[in-house]
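Down below is the structure, laid out as C-alpha cells.
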Amino acid sequence: MSHLDHLVVWAQTLEEGAAWCEATLGVASQAGGQHPLMGTHNRLLNISAPGFEGAYLEIIAINPATPPQRPPGHLRWFDMDHPELRQRIAQDGPCLVHWVARVPHIQPALAALHALGLDNGPALAASRATPQGELRWHIAVRPDGQRLLSGAVPTLIEWGTHHPTDSLPASPVQLTGWWVQHPEPQQVQAAWKELGLTGMTVRTGPPAMGAQLNTPKGQVTIEMNS
C-alpha cells in the first residue's frame with residue numbers, strides 16, 4: 001500500500017512561500033531544511049487528517065546559494081528547471097505543482113510503474129539536516145526532472161527511520177480531499193492501482209490537481225491548472 005505523503009507548493013523564494021501560507025491557510029509554516037542534491041530548500045506544514053495520516057505540505061524554492069549536486073545535464077525534481085513553469089511562478093506567485101506518495105519499498109513500486117510503460121526515474125539517496133537529526137530517504141527522480149503524466153502520477157519516496165511529521169508540530173490545517181485530472185484517466189487509475197493508492201479521485205479533462213483543506217479560514221481549495 002502507498003499513501004499520499006506530501007503536497008508540493010513551489011515558491012520563487014521561501015519568504016514568498018511563507019507569506020502565501022499565512023495568507024491562504026491562516027497559519028505559519030515551519031522551517032524545513034536544505035536539499036544539497038537538488039539545490040533547493042523548504043518549509044513544512046503538518047496537514048495530517050483521517051484518511052491522510054502523516055500528510056504534510058511542502059513549500060519549496062530554489063536555493064540561489066546552493067548549486068545542485070546533480071550530474072551534468074540532470075535537472076531538479078518537480079520540473080523546477082522548466083522555463084515556462086519558472087516564469088509562471090515568478091509572475092503568479094506560489095502554486096501547487098505536484099504530490100509525493102510514500103511507498104514501503106521503492107524498487108518494486110518503480111518496477112510496477114515501468115511494467116505500465118511509466119518511467120519515474122531511478123531511486124536516488126537524499127537527505128537533509130534537521131534540529132532533530134538527519135532525515136534520509138530514497139526518491140525517484142528522472143534525469144529530466146519531469147513529473148509523470150503532467151503530475152497525475154506521484155513522485156515516489158521511501159523514507160528511512162524517521163518521517164518529517166515525527167517532529168512536525170500538529171496544525172489546525174487538515175487535508176480532507178485530493179483530486180487529479182487528466183485527459184486519459186484510465187492510465188492514471190491503472191498506475192494508482194499498481195501503487196495501491198486509494199481514497200482519491202481521478203477526473204477527466206486537461207491536466208490539473210487540487211486539494212481541499214480545513215483551515216482557520218474555513219474550507220480552502222488549492223489547485224494547479226495546466
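Starting from 1 in every chain, residues are counted up; chains themselves are A, B, ... following the order of the C-alpha cells, and ligands are numbered from 1 as listed.
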
Enumerate, as a PyMOL selection string, the complete set of residues in segment 19-207 of chain A that a backbone-based DSSP assignment places in alpha helix (DSSP H). chain A and resi 19-25+83-92+106-115+185-195

Just the residues within 12 Å of Ala190 of chain A, please, counting only C-alpha atoms, with nothing from its chain fewer than 3 positions along; format it as JSON, numbers by chain. {"A": [112, 113, 114, 115, 116, 117, 118, 152, 153, 184, 185, 186, 187, 193, 194, 195, 196, 197, 198, 202]}

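Considering the residues A:Leu135, A:Ala129, A:Leu168, A:Val188 and counting only C-alpha atoms, Gly151 of chain A has its shortest atom-to-atom contact with A:Val188.
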
Residues within 8 Å of Val103 of chain A, only C-alpha atoms, excluding chain neighbours under 5 positions, as an MDAnalysis selection string: chainID A and resid 1:3 109 156:158 195

Could you save the residues just selected, with N, CA and C atoms, as a compact mmCIF listing (two decimals), in the first residue's frame?
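So the final result, stored in part_20.txt, reads:
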# COMPACT_ATOMS: atom_id res chain seq x y z
N MET A 1 0.83 -1.20 0.00
CA MET A 1 0.00 0.00 0.00
C MET A 1 0.86 1.25 0.00
N SER A 2 0.44 2.22 -0.79
CA SER A 2 1.09 3.52 -0.83
C SER A 2 0.13 4.56 -0.27
N HIS A 3 0.67 5.69 0.13
CA HIS A 3 -0.15 6.74 0.72
C HIS A 3 0.33 8.10 0.23
N ALA A 109 7.85 -0.78 -6.44
CA ALA A 109 6.87 0.20 -6.91
C ALA A 109 7.30 0.78 -8.26
N LEU A 156 7.63 9.08 -6.18
CA LEU A 156 7.63 8.06 -5.13
C LEU A 156 8.79 8.29 -4.17
N ILE A 157 8.51 8.06 -2.88
CA ILE A 157 9.52 8.25 -1.85
C ILE A 157 9.45 7.09 -0.85
N GLU A 158 10.60 6.63 -0.45
CA GLU A 158 10.72 5.63 0.62
C GLU A 158 11.54 6.26 1.74
N LEU A 195 0.14 0.98 -7.49
CA LEU A 195 0.79 1.52 -6.30
C LEU A 195 -0.03 1.30 -5.03

So which residues touch segment 18-22 of chain A within 10 Å, counting only C-alpha atoms, skipping near sequence neighbours fewer than 5 positions away, as an NGL selection string? :A and (9 or 11 or 13 or 27-31 or 42-45 or 57 or 59-60 or 93-95)

Would you output that residue set with N, CA and C atoms, as a PDB file, in the first residue's frame?
ATOM      1  N   VAL A   9       4.178  22.729  -3.006  1.00  0.00           N
ATOM      2  CA  VAL A   9       3.897  24.089  -3.452  1.00  0.00           C
ATOM      3  C   VAL A   9       5.220  24.764  -3.760  1.00  0.00           C
ATOM      4  N   ALA A  11       7.448  27.963  -4.630  1.00  0.00           N
ATOM      5  CA  ALA A  11       7.501  29.423  -4.497  1.00  0.00           C
ATOM      6  C   ALA A  11       8.828  29.912  -5.068  1.00  0.00           C
ATOM      7  N   THR A  13      10.672  32.213  -3.769  1.00  0.00           N
ATOM      8  CA  THR A  13      11.539  32.270  -2.590  1.00  0.00           C
ATOM      9  C   THR A  13      10.778  31.689  -1.408  1.00  0.00           C
ATOM     10  N   VAL A  27      -2.128  30.042   8.788  1.00  0.00           N
ATOM     11  CA  VAL A  27      -1.169  29.543   9.771  1.00  0.00           C
ATOM     12  C   VAL A  27       0.252  29.733   9.240  1.00  0.00           C
ATOM     13  N   ALA A  28       1.206  29.691  10.137  1.00  0.00           N
ATOM     14  CA  ALA A  28       2.609  29.805   9.757  1.00  0.00           C
ATOM     15  C   ALA A  28       3.189  28.430   9.489  1.00  0.00           C
ATOM     16  N   SER A  29       3.994  28.331   8.452  1.00  0.00           N
ATOM     17  CA  SER A  29       4.719  27.099   8.168  1.00  0.00           C
ATOM     18  C   SER A  29       5.959  27.016   9.047  1.00  0.00           C
ATOM     19  N   GLN A  30       6.534  25.828   9.114  1.00  0.00           N
ATOM     20  CA  GLN A  30       7.708  25.589   9.934  1.00  0.00           C
ATOM     21  C   GLN A  30       8.966  25.532   9.060  1.00  0.00           C
ATOM     22  N   ALA A  31      10.089  25.952   9.621  1.00  0.00           N
ATOM     23  CA  ALA A  31      11.357  25.844   8.900  1.00  0.00           C
ATOM     24  C   ALA A  31      11.639  24.386   8.580  1.00  0.00           C
ATOM     25  N   ASN A  42      13.249  24.200   1.860  1.00  0.00           N
ATOM     26  CA  ASN A  42      11.800  24.118   2.031  1.00  0.00           C
ATOM     27  C   ASN A  42      11.327  24.597   3.393  1.00  0.00           C
ATOM     28  N   ARG A  43      10.010  24.758   3.479  1.00  0.00           N
ATOM     29  CA  ARG A  43       9.271  24.956   4.712  1.00  0.00           C
ATOM     30  C   ARG A  43       8.130  23.944   4.714  1.00  0.00           C
ATOM     31  N   LEU A  44       7.634  23.587   5.910  1.00  0.00           N
ATOM     32  CA  LEU A  44       6.676  22.487   6.026  1.00  0.00           C
ATOM     33  C   LEU A  44       5.486  22.877   6.894  1.00  0.00           C
ATOM     34  N   LEU A  45       4.371  22.171   6.641  1.00  0.00           N
ATOM     35  CA  LEU A  45       3.176  22.332   7.461  1.00  0.00           C
ATOM     36  C   LEU A  45       2.493  20.977   7.563  1.00  0.00           C
ATOM     37  N   LEU A  57       2.403  19.531   3.961  1.00  0.00           N
ATOM     38  CA  LEU A  57       2.567  20.449   2.848  1.00  0.00           C
ATOM     39  C   LEU A  57       4.022  20.891   2.806  1.00  0.00           C
ATOM     40  N   ILE A  59       6.516  23.586   1.105  1.00  0.00           N
ATOM     41  CA  ILE A  59       6.743  24.796   0.324  1.00  0.00           C
ATOM     42  C   ILE A  59       8.211  24.777  -0.063  1.00  0.00           C
ATOM     43  N   ILE A  60       8.489  24.707  -1.353  1.00  0.00           N
ATOM     44  CA  ILE A  60       9.859  24.503  -1.825  1.00  0.00           C
ATOM     45  C   ILE A  60      10.273  25.640  -2.742  1.00  0.00           C
ATOM     46  N   GLY A  93       3.137  33.851  -8.490  1.00  0.00           N
ATOM     47  CA  GLY A  93       3.364  33.533  -7.090  1.00  0.00           C
ATOM     48  C   GLY A  93       3.305  32.041  -6.813  1.00  0.00           C
ATOM     49  N   PRO A  94       3.384  31.650  -5.550  1.00  0.00           N
ATOM     50  CA  PRO A  94       3.427  30.235  -5.166  1.00  0.00           C
ATOM     51  C   PRO A  94       2.239  29.450  -5.722  1.00  0.00           C
ATOM     52  N   CYS A  95       2.516  28.198  -6.087  1.00  0.00           N
ATOM     53  CA  CYS A  95       1.491  27.387  -6.734  1.00  0.00           C
ATOM     54  C   CYS A  95       1.698  25.914  -6.390  1.00  0.00           C
TER      55      CYS A  95
END

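Of the residues under consideration (A:His6, A:Arg102, A:Arg86, A:Lys217), A:Lys217 shows the shortest atom-to-atom contact distance to Pro172 of chain A when counting only C-alpha atoms.
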
Nearest to Ser48 of chain A by atom-to-atom distance, counting only C-alpha atoms, from A:Gly205, A:Pro131, A:Pro169, A:Pro183: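 Selected residue with least distance to Ser48 of chain A: A:Pro169.
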
Taking only segment 119-176 of chain A into account, list the residues labelled strand (DSSP E) by DSSP (computed from the backbone), as a list in words.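 Restricting segment 119-176 of chain A to strand (DSSP E) produces Ala123, Leu124, Ala125, Ala126, Ser127, Arg128, Ala129, Thr130, Gly133, Glu134, Leu135, Arg136, Trp137, His138, Ile139, Ala140, Thr155, Leu156, Ile157, Glu158, Trp159, Gln174, Leu175 and Thr176 of chain A.
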
Give me, as a tab-separated table, the closest atom pair and its distance (Å, one decimal) for every residue of segment 81-181 of chain A within a cut-off of 9 Å of segment 71-74 of chain A, counting only C-alpha atoms, rows sorted by chain and rising number.
residue	atom	partner	partner_atom	distance
A:Arg142	CA	A:His74	CA	8.2
A:Pro143	CA	A:His74	CA	4.7
A:Asp144	CA	A:His74	CA	5.8
A:Gly145	CA	A:His74	CA	7.4

For the atom pair atom CA of Arg76 of chain A and atom CA of Gly32 of chain A, what is the interatomic distance in Å to one decimal place?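 The value is 18.1 Å.
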
Using only C-alpha atoms, can you tell me which of A:Val220, A:Ala140, A:Ala55, A:Ile62 comes closest to Ala126 of chain A? A:Ala140

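Remark: for Pro216 of chain A, the closest of the candidate residues A:Leu14, A:Leu25, A:Leu96, A:Leu7 is A:Leu25 (distances computed over only C-alpha atoms).
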
Find the distance between atom CA of Asp81 of chain A and atom CA of Ile47 of chain A and write it in Å to one decimal.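 Separation of atom CA of Asp81 of chain A and atom CA of Ile47 of chain A: 27.1 Å.
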